[in-house]
$ cat my_file_36.tsv   # TSV, C-alpha atoms and all ligand atoms
chain	number	residue	atom	x	y	z
A	1	MET	CA	2.07	9.47	27.55
A	2	MET	CA	1.84	12.93	25.95
A	3	THR	CA	2.34	15.85	28.32
A	4	ILE	CA	-0.09	18.80	28.53
A	5	LYS	CA	2.56	20.89	26.74
A	6	GLU	CA	2.73	18.40	23.84
A	7	ILE	CA	-1.06	18.20	23.68
A	8	TYR	CA	-1.24	22.00	23.53
A	9	GLU	CA	1.47	22.22	20.85
A	10	ASN	CA	-0.37	19.74	18.65
A	11	PHE	CA	-3.63	21.69	18.98
A	12	ASN	CA	-1.85	25.01	18.58
A	13	GLN	CA	-0.31	23.85	15.31
A	14	ILE	CA	-3.83	23.15	14.01
A	15	GLY	CA	-5.07	26.56	15.19
A	16	CYS	CA	-8.84	26.73	14.76
A	17	LEU	CA	-10.65	23.80	16.40
A	18	THR	CA	-14.21	22.53	16.71
A	19	PHE	CA	-15.58	22.88	20.26
A	20	SER	CA	-18.72	20.87	20.99
A	21	THR	CA	-21.10	21.07	23.93
A	22	LEU	CA	-24.41	19.54	24.87
A	23	ALA	CA	-27.20	22.11	24.61
A	24	GLU	CA	-30.29	22.31	26.80
A	25	ASN	CA	-32.49	20.96	23.99
A	26	GLY	CA	-30.47	17.73	23.92
A	27	TYR	CA	-28.59	18.51	20.70
A	28	VAL	CA	-24.81	18.72	20.43
A	29	GLU	CA	-23.72	22.21	19.29
A	30	SER	CA	-20.34	22.89	17.65
A	31	ARG	CA	-18.39	26.07	16.93
A	32	ILE	CA	-14.87	27.13	16.05
A	33	ALA	CA	-12.50	28.38	18.75
A	34	HIS	CA	-8.93	27.73	19.88
A	35	PHE	CA	-6.78	27.11	22.94
A	36	PHE	CA	-4.68	30.17	23.73
A	37	ALA	CA	-2.51	28.84	26.57
A	38	PHE	CA	-1.61	25.84	28.73
A	39	ASP	CA	0.03	25.13	32.07
A	40	GLU	CA	0.09	22.25	34.56
A	41	ASP	CA	-3.67	22.75	35.20
A	42	GLY	CA	-4.70	22.14	31.57
A	43	LEU	CA	-5.60	23.92	28.35
A	44	TYR	CA	-7.22	27.38	28.28
A	45	PHE	CA	-9.87	28.88	26.01
A	46	ARG	CA	-12.23	31.83	26.18
A	47	THR	CA	-15.69	32.96	25.23
A	48	MET	CA	-18.21	35.64	26.32
A	49	ASP	CA	-20.84	35.02	28.98
A	50	VAL	CA	-23.66	36.22	26.72
A	51	LYS	CA	-23.11	33.39	24.23
A	52	PRO	CA	-24.96	30.05	24.24
A	53	PHE	CA	-21.50	28.41	24.30
A	54	TYR	CA	-20.88	29.90	27.75
A	55	ARG	CA	-24.26	28.78	29.09
A	56	GLU	CA	-23.71	25.25	27.82
A	57	LEU	CA	-20.24	25.11	29.37
A	58	LYS	CA	-21.63	26.26	32.72
A	59	GLN	CA	-24.61	23.91	32.59
A	60	THR	CA	-22.72	20.75	31.66
A	61	GLY	CA	-19.15	21.44	32.84
A	62	LYS	CA	-17.95	19.53	29.78
A	63	VAL	CA	-16.53	20.12	26.31
A	64	SER	CA	-15.19	18.05	23.43
A	65	VAL	CA	-12.65	19.46	20.97
A	66	CYS	CA	-11.12	18.23	17.71
A	67	GLY	CA	-9.11	19.37	14.71
A	68	MET	CA	-6.96	18.19	11.81
A	69	TYR	CA	-3.47	19.07	10.48
A	70	PRO	CA	-2.12	20.07	7.95
A	71	SER	CA	-5.13	19.88	5.64
A	72	SER	CA	-8.77	18.99	6.01
A	73	GLN	CA	-9.20	18.86	2.22
A	74	VAL	CA	-10.33	15.61	0.63
A	75	SER	CA	-9.22	14.92	-2.94
A	76	HIS	CA	-10.34	11.99	-5.09
A	77	ASP	CA	-8.35	9.50	-7.15
A	78	GLU	CA	-9.23	8.13	-10.59
A	79	ASN	CA	-11.72	5.72	-8.99
A	80	ASN	CA	-13.29	8.61	-7.07
A	81	LEU	CA	-11.98	7.21	-3.79
A	82	PRO	CA	-11.07	9.79	-1.12
A	83	SER	CA	-7.46	10.67	-0.53
A	84	PHE	CA	-5.92	12.64	2.35
A	85	VAL	CA	-2.61	14.46	2.76
A	86	PRO	CA	-0.68	12.62	5.53
A	87	GLY	CA	-1.09	14.34	8.89
A	88	TYR	CA	-2.89	13.94	12.18
A	89	THR	CA	-6.18	14.56	13.92
A	90	MET	CA	-6.43	15.45	17.60
A	91	ARG	CA	-9.39	15.15	19.90
A	92	ILE	CA	-9.91	15.77	23.57
A	93	THR	CA	-12.93	15.52	25.88
A	94	GLY	CA	-13.26	16.44	29.51
A	95	ASP	CA	-14.27	18.66	32.39
A	96	ILE	CA	-13.91	22.43	32.39
A	97	ARG	CA	-13.73	25.10	35.08
A	98	GLU	CA	-14.23	28.86	34.80
A	99	LEU	CA	-11.41	30.97	36.18
A	100	THR	CA	-11.98	33.99	38.38
A	101	MET	CA	-10.69	37.32	37.08
A	102	ASP	CA	-8.10	37.30	39.91
A	103	GLU	CA	-6.81	33.94	38.70
A	104	VAL	CA	-6.54	35.25	35.15
A	105	ALA	CA	-4.63	38.33	36.34
A	106	GLU	CA	-2.31	36.16	38.41
A	107	LYS	CA	-1.55	33.83	35.51
A	108	ALA	CA	-0.97	36.77	33.17
A	109	LYS	CA	1.94	37.83	35.40
A	110	SER	CA	3.97	34.71	34.64
A	111	ASN	CA	2.47	33.24	31.46
A	112	ARG	CA	2.92	35.38	28.36
A	113	ASP	CA	0.09	33.59	26.53
A	114	PHE	CA	-2.38	34.99	29.07
A	115	ASN	CA	-1.74	38.51	27.77
A	116	VAL	CA	-4.28	37.86	25.07
A	117	ALA	CA	-6.88	36.97	27.70
A	118	ALA	CA	-6.12	40.09	29.70
A	119	TYR	CA	-6.29	42.18	26.51
A	120	ASP	CA	-9.61	40.64	25.49
A	121	ILE	CA	-11.14	41.16	28.93
A	122	LYS	CA	-10.26	44.84	28.71
A	123	LYS	CA	-11.66	45.17	25.19
A	124	TYR	CA	-14.67	42.87	25.72
A	125	PRO	CA	-15.56	42.89	29.44
A	126	ARG	CA	-17.92	39.91	29.06
A	127	THR	CA	-14.98	37.64	28.14
A	128	ARG	CA	-14.67	34.59	30.36
A	129	ILE	CA	-11.76	32.15	30.66
A	130	PHE	CA	-12.06	28.39	31.05
A	131	VAL	CA	-9.53	25.65	31.67
A	132	LEU	CA	-10.00	22.11	30.37
A	133	CYS	CA	-8.71	20.64	33.60
A	134	ARG	CA	-9.48	16.90	33.47
A	135	ALA	CA	-9.51	15.23	30.09
A	136	TRP	CA	-8.67	12.32	27.87
A	137	GLY	CA	-7.98	12.32	24.15
A	138	GLU	CA	-6.12	10.95	21.21
A	139	ARG	CA	-3.59	11.94	18.56
A	140	TYR	CA	-4.38	10.00	15.38
A	141	ASP	CA	-1.42	10.19	12.97
A	142	PHE	CA	-2.33	8.90	9.51
A	143	ASP	CA	-0.48	8.10	6.31
A	144	TYR	CA	-3.09	6.09	4.44
A	145	ALA	CA	-1.03	5.75	1.23
A	146	LYS	CA	2.04	4.70	3.29
A	147	GLU	CA	4.09	7.45	1.68
A	148	LYS	CA	6.43	7.83	4.65
A	149	ARG	CA	6.26	4.52	6.55
A	150	ASP	CA	5.04	0.92	6.29
A	151	HIS	CA	1.81	1.37	8.24
A	152	LYS	CA	-1.16	3.67	7.84
A	153	LEU	CA	-1.82	4.66	11.38
A	154	GLU	CA	0.05	5.53	14.56
A	155	ARG	CA	-2.04	6.78	17.41
A	156	GLU	CA	-1.60	7.70	21.00
A	157	ARG	CA	-4.19	8.15	23.68
A	158	PHE	CA	-3.56	10.41	26.65
A	159	ALA	CA	-5.20	11.66	29.81
A	160	TYR	CA	-4.48	14.14	32.59
A	161	GLY	CA	-6.07	15.54	35.72
A	162	GLY	CA	-7.00	12.03	36.88
A	163	MET	CA	-9.18	11.20	33.86
A	164	PRO	CA	-9.09	7.48	32.90
A	165	TYR	CA	-9.01	6.25	29.30
A	166	VAL	CA	-9.21	2.96	27.40
A	167	ASN	CA	-6.29	2.00	25.16
A	168	PRO	CA	-7.22	1.83	21.47
A	169	GLY	CA	-7.73	-1.31	19.44
A	170	LEU	CA	-9.55	-4.59	19.67
A	171	ALA	CA	-8.03	-7.55	21.57
A	172	ILE	CA	-7.35	-11.21	20.76
A	173	THR	CA	-8.21	-13.74	23.44
A	174	ASP	CA	-6.74	-17.16	24.26
A	175	ALA	CA	-9.40	-18.71	21.99
A	176	CYS	CA	-7.08	-17.87	19.07
A	177	ILE	CA	-6.05	-20.94	17.04
A	178	GLU	CA	-3.23	-19.04	15.24
A	179	CYS	CA	-4.70	-19.49	11.79
A	180	GLY	CA	-3.25	-16.14	10.65
A	181	LYS	CA	-6.38	-14.99	8.82
A	182	CYS	CA	-6.66	-11.73	10.77
A	183	ALA	CA	-3.06	-10.71	10.00
A	184	GLU	CA	-3.66	-11.41	6.31
A	185	ILE	CA	-6.74	-9.20	6.04
A	186	CYS	CA	-5.58	-6.33	8.24
A	187	SER	CA	-4.64	-3.50	5.86
A	188	PHE	CA	-3.28	-1.48	8.79
A	189	ASN	CA	-0.44	-3.96	9.56
A	190	ALA	CA	-1.70	-3.96	13.13
A	191	ILE	CA	-1.62	-7.69	13.90
A	192	GLU	CA	1.48	-9.51	15.13
A	193	LYS	CA	2.03	-13.25	14.95
A	194	GLY	CA	2.17	-15.04	18.32
A	195	ASP	CA	0.47	-17.38	20.74
A	196	PRO	CA	-2.12	-15.94	20.69
A	197	TYR	CA	-1.84	-13.39	17.89
A	198	ARG	CA	-1.74	-9.82	19.15
A	199	ILE	CA	-3.26	-6.50	18.00
A	200	ASN	CA	-1.06	-3.43	18.20
A	201	GLY	CA	-3.66	-0.92	19.39
A	202	ASN	CA	-1.68	2.10	18.21
A	203	ARG	CA	-1.92	0.92	14.62
A	204	CYS	CA	-5.43	-0.52	14.76
A	205	ASP	CA	-8.17	1.57	13.14
A	206	GLU	CA	-10.92	-0.49	14.81
A	207	CYS	CA	-12.29	-1.22	11.33
A	208	GLY	CA	-13.68	-4.54	12.62
A	209	ASN	CA	-12.58	-6.74	9.69
A	210	CYS	CA	-10.59	-9.15	11.86
A	211	PHE	CA	-13.44	-9.27	14.38
A	212	HIS	CA	-15.83	-10.09	11.56
A	213	ASP	CA	-13.68	-12.80	9.91
A	214	CYS	CA	-12.04	-14.68	12.81
A	215	PRO	CA	-13.28	-18.30	12.44
A	216	VAL	CA	-13.42	-18.91	16.20
A	217	SER	CA	-14.61	-15.48	17.41
A	218	ALA	CA	-11.39	-14.98	19.36
A	219	ILE	CA	-11.39	-11.19	18.85
A	220	ILE	CA	-13.25	-8.93	21.22
A	221	SER	CA	-14.11	-5.25	21.14
A	222	LYS	CA	-12.75	-3.53	24.23
A	223	GLY	CA	-15.59	-1.03	24.11
B	301	LIG	S1	-8.22	-15.02	12.82
B	301	LIG	FE1	-8.76	-15.51	14.93
B	301	LIG	S2	-7.94	-17.53	15.28
B	301	LIG	FE2	-6.97	-16.76	13.41
B	301	LIG	S3	-5.02	-15.86	14.16
B	301	LIG	FE3	-6.56	-14.25	14.10
B	301	LIG	S4	-7.42	-14.20	16.18
B	301	LIG	FE4	-6.35	-16.13	15.94
B	302	LIG	S1	-9.90	-3.94	13.58
B	302	LIG	FE1	-9.15	-3.59	11.48
B	302	LIG	S2	-7.31	-2.34	11.78
B	302	LIG	FE2	-7.76	-3.25	13.74
B	302	LIG	S3	-6.54	-5.12	13.80
B	302	LIG	FE3	-8.59	-5.69	13.04
B	302	LIG	S4	-8.43	-5.61	10.81
B	302	LIG	FE4	-6.66	-4.47	11.66
$ encode --input "my_file_36.tsv" --output "structure tokens"
Amino acid sequence: MMTIKEIYENFNQIGCLTFSTLAENGYVESRIAHFFAFDEDGLYFRTMDVKPFYRELKQTGKVSVCGMYPSSQVSHDENNLPSFVPGYTMRITGDIRELTMDEVAEKAKSNRDFNVAAYDIKKYPRTRIFVLCRAWGERYDFDYAKEKRDHKLERERFAYGGMPYVNPGLAITDACIECGKCAEICSFNAIEKGDPYRINGNRCDECGNCFHDCPVSAIISKG
């Protein structure tokens, strides 16, 4: 399981991230921001209390964040099919809490990354600090052209602060008759031979092809 430090480092390497909240009108709103620090309590970000972002955070107590490294560019091959530079995406969703100014000052004493928060509060007094304190998420490492390894996808789900999560991938039940069709059609090399056959969730893209083609409906979606 990834630690909060590793989660932070992966997001920090991306830099600018998309932060999404549920607005009062029922729409999901997104904007660009970043995490500026972490500790054992979670990941920290900031905004100003006059922004809609702040109001939505306070109203819902929730946020969802994602980003992509090293490039979000999409190029196209001779058949006009999309092609991506190998890298990873990260996403995280969970519960947030606003810090008091005393808490921020206390953290700034021992955590160098909080200097930026203290500086911002001085410069922009309406700055407010939040911690993403209970969350689950996923690192999705992709190499679709298999330039560096023999499989396209390697992913890892994580959680902290007591948040549960569901492991990725579909599952094969005992109804499997070991025909091997699913392993043949899986372009992600995610299916291992066995009794029954088994899906390696970290490599599975949940494309649904095996689910669609299994002759005895032995594959289930874990939801
Ligand atoms: S296609 Fe269905 S029955 Fe055949 S090996 Fe895969 S899970 Fe088993
Ligand atoms: S859902 Fe797609 S990627 Fe996952 S095991 Fe089935 S065929 Fe492979």
$ closest_atom_pairs --input "my_file_36.tsv" --of "chain A" --to "ligand LIG 301 (chain B)" --cutoff "10 Å" --atoms "only C-alpha atoms and all ligand atoms" --output "JSON lines"
{"residue": "A:Ala171", "atom": "CA", "partner": "B:LIG301", "partner_atom": "S4", "distance": 8.6}
{"residue": "A:Ile172", "atom": "CA", "partner": "B:LIG301", "partner_atom": "S4", "distance": 5.5}
{"residue": "A:Thr173", "atom": "CA", "partner": "B:LIG301", "partner_atom": "S4", "distance": 7.3}
{"residue": "A:Asp174", "atom": "CA", "partner": "B:LIG301", "partner_atom": "FE4", "distance": 8.4}
{"residue": "A:Ala175", "atom": "CA", "partner": "B:LIG301", "partner_atom": "S2", "distance": 7.0}
{"residue": "A:Cys176", "atom": "CA", "partner": "B:LIG301", "partner_atom": "FE4", "distance": 3.7}
{"residue": "A:Ile177", "atom": "CA", "partner": "B:LIG301", "partner_atom": "S2", "distance": 4.3}
{"residue": "A:Glu178", "atom": "CA", "partner": "B:LIG301", "partner_atom": "S3", "distance": 3.8}
{"residue": "A:Cys179", "atom": "CA", "partner": "B:LIG301", "partner_atom": "FE2", "distance": 3.9}
{"residue": "A:Gly180", "atom": "CA", "partner": "B:LIG301", "partner_atom": "S3", "distance": 3.9}
{"residue": "A:Lys181", "atom": "CA", "partner": "B:LIG301", "partner_atom": "S1", "distance": 4.4}
{"residue": "A:Cys182", "atom": "CA", "partner": "B:LIG301", "partner_atom": "FE3", "distance": 4.2}
{"residue": "A:Ala183", "atom": "CA", "partner": "B:LIG301", "partner_atom": "FE3", "distance": 6.4}
{"residue": "A:Glu184", "atom": "CA", "partner": "B:LIG301", "partner_atom": "S1", "distance": 8.7}
{"residue": "A:Ile185", "atom": "CA", "partner": "B:LIG301", "partner_atom": "S1", "distance": 9.1}
{"residue": "A:Cys186", "atom": "CA", "partner": "B:LIG301", "partner_atom": "FE3", "distance": 9.9}
{"residue": "A:Ile191", "atom": "CA", "partner": "B:LIG301", "partner_atom": "FE3", "distance": 8.2}
{"residue": "A:Glu192", "atom": "CA", "partner": "B:LIG301", "partner_atom": "S3", "distance": 9.1}
{"residue": "A:Lys193", "atom": "CA", "partner": "B:LIG301", "partner_atom": "S3", "distance": 7.6}
{"residue": "A:Gly194", "atom": "CA", "partner": "B:LIG301", "partner_atom": "S3", "distance": 8.3}
{"residue": "A:Asp195", "atom": "CA", "partner": "B:LIG301", "partner_atom": "FE4", "distance": 8.4}
{"residue": "A:Pro196", "atom": "CA", "partner": "B:LIG301", "partner_atom": "FE4", "distance": 6.4}
{"residue": "A:Tyr197", "atom": "CA", "partner": "B:LIG301", "partner_atom": "S3", "distance": 5.5}
{"residue": "A:Arg198", "atom": "CA", "partner": "B:LIG301", "partner_atom": "S4", "distance": 7.8}
{"residue": "A:Ile199", "atom": "CA", "partner": "B:LIG301", "partner_atom": "S4", "distance": 8.9}
{"residue": "A:Asn209", "atom": "CA", "partner": "B:LIG301", "partner_atom": "S1", "distance": 9.9}
{"residue": "A:Cys210", "atom": "CA", "partner": "B:LIG301", "partner_atom": "S1", "distance": 6.4}
{"residue": "A:Phe211", "atom": "CA", "partner": "B:LIG301", "partner_atom": "FE1", "distance": 7.8}
{"residue": "A:His212", "atom": "CA", "partner": "B:LIG301", "partner_atom": "S1", "distance": 9.2}
{"residue": "A:Asp213", "atom": "CA", "partner": "B:LIG301", "partner_atom": "S1", "distance": 6.6}
{"residue": "A:Cys214", "atom": "CA", "partner": "B:LIG301", "partner_atom": "S1", "distance": 3.8}
{"residue": "A:Pro215", "atom": "CA", "partner": "B:LIG301", "partner_atom": "FE1", "distance": 5.9}
{"residue": "A:Val216", "atom": "CA", "partner": "B:LIG301", "partner_atom": "S2", "distance": 5.7}
{"residue": "A:Ser217", "atom": "CA", "partner": "B:LIG301", "partner_atom": "FE1", "distance": 6.4}
{"residue": "A:Ala218", "atom": "CA", "partner": "B:LIG301", "partner_atom": "S4", "distance": 5.1}
{"residue": "A:Ile219", "atom": "CA", "partner": "B:LIG301", "partner_atom": "S4", "distance": 5.7}
{"residue": "A:Ile220", "atom": "CA", "partner": "B:LIG301", "partner_atom": "S4", "distance": 9.3}
$ residues_around --input "my_file_36.tsv" --residues "Ile96 in chain A" --least-positions-apart "4" --cutoff "8 Å" --atoms "all atoms listed in the file" --output "VMD selection string"
chain A and resid 57 61 to 63 130 to 134
$ closest_residue --input "my_file_36.tsv" --among "A:Tyr119, A:Tyr160, A:Phe84, A:Tyr27" --to "Ala105 in chain A" --atoms "all atoms listed in the file"
A:Tyr119
$ closest_residue --input "my_file_36.tsv" --among "A:Ala159, A:Leu81, A:Thr93, A:His151" --to "ligand LIG 302 (chain B)" --atoms "all atoms listed in the file"
A:His151
$ residues_around --input "my_file_36.tsv" --residues "Leu43 in chain A" --least-positions-apart "3" --cutoff "9 Å" --atoms "only C-alpha atoms" --output "list in words"
Ile4, Lys5, Ile7, Tyr8, Phe35, Phe36, Ala37, Phe38, Asp39, Glu40, Phe130, Val131, Leu132 and Cys133 of chain A
$ residues_around --input "my_file_36.tsv" --residues "Glu147 in chain A" --least-positions-apart "4" --cutoff "12 Å" --atoms "only C-alpha atoms" --output "JSON, numbers by chain"
{"A": [84, 85, 86, 87, 142, 143, 151, 152, 153]}
$ write_last_selection --input "my_file_36.tsv" --atoms "C-alpha atoms" --output "PDB file, keeping the file's coordinate frame"
ATOM      1  CA  PHE A  84      -5.920  12.640   2.350  1.00  0.00           C
ATOM      2  CA  VAL A  85      -2.610  14.460   2.760  1.00  0.00           C
ATOM      3  CA  PRO A  86      -0.680  12.620   5.530  1.00  0.00           C
ATOM      4  CA  GLY A  87      -1.090  14.340   8.890  1.00  0.00           C
ATOM      5  CA  PHE A 142      -2.330   8.900   9.510  1.00  0.00           C
ATOM      6  CA  ASP A 143      -0.480   8.100   6.310  1.00  0.00           C
ATOM      7  CA  HIS A 151       1.810   1.370   8.240  1.00  0.00           C
ATOM      8  CA  LYS A 152      -1.160   3.670   7.840  1.00  0.00           C
ATOM      9  CA  LEU A 153      -1.820   4.660  11.380  1.00  0.00           C
TER      10      LEU A 153
END
$ closest_residue --input "my_file_36.tsv" --among "A:Thr89, A:Asn25, A:Asn12, A:Thr18" --to "Met68 in chain A" --atoms "all atoms listed in the file"
A:Thr89
$ atom_distance --input "my_file_36.tsv" --atom1 "CA of Thr47 in chain A" --atom2 "CA of Phe19 in chain A"
11.2 Å
$ atom_distance --input "my_file_36.tsv" --atom1 "CA of Lys222 in chain A" --atom2 "CA of Glu206 in chain A"
10.1 Å
$ closest_residue --input "my_file_36.tsv" --among "A:Asp205, A:Glu29, A:Glu24, A:Glu154" --to "Thr60 in chain A" --atoms "only C-alpha atoms"
A:Glu24
$ closest_residue --input "my_file_36.tsv" --among "A:Leu170, A:Cys204, A:Ala33, A:Ile121" --to "Asp49 in chain A" --atoms "only C-alpha atoms"
A:Ile121
$ atom_distance --input "my_file_36.tsv" --atom1 "CA of Arg139 in chain A" --atom2 "CA of Asn189 in chain A"
18.5 Å
$ closest_residue --input "my_file_36.tsv" --among "A:Met2, A:Val28, A:Ala118, A:Ala190" --to "ligand LIG 302 (chain B)" --atoms "only C-alpha atoms and all ligand atoms"
A:Ala190
$ residues_near_point --input "my_file_36.tsv" --point "(-16.8, 28.4, 12.3)" --cutoff "9 Å" --atoms "only C-alpha atoms" --output "list of chain:residue names"
A:Cys16, A:Leu17, A:Thr18, A:Ser30, A:Arg31, A:Ile32, A:Ala33
$ write_last_selection --input "my_file_36.tsv" --atoms "C-alpha atoms" --output "mmCIF file, keeping the file's coordinate frame"
data_model
loop_
_atom_site.group_PDB
_atom_site.id
_atom_site.type_symbol
_atom_site.label_atom_id
_atom_site.label_comp_id
_atom_site.auth_asym_id
_atom_site.auth_seq_id
_atom_site.Cartn_x
_atom_site.Cartn_y
_atom_site.Cartn_z
ATOM 1 C CA CYS A 16 -8.840 26.730 14.760
ATOM 2 C CA LEU A 17 -10.650 23.800 16.400
ATOM 3 C CA THR A 18 -14.210 22.530 16.710
ATOM 4 C CA SER A 30 -20.340 22.890 17.650
ATOM 5 C CA ARG A 31 -18.390 26.070 16.930
ATOM 6 C CA ILE A 32 -14.870 27.130 16.050
ATOM 7 C CA ALA A 33 -12.500 28.380 18.750
#
$ residues_around --input "my_file_36.tsv" --residues "Arg91 in chain A" --least-positions-apart "4" --cutoff "8 Å" --atoms "only C-alpha atoms" --output "ChimeraX atom specification"
/A:64-67,137-139
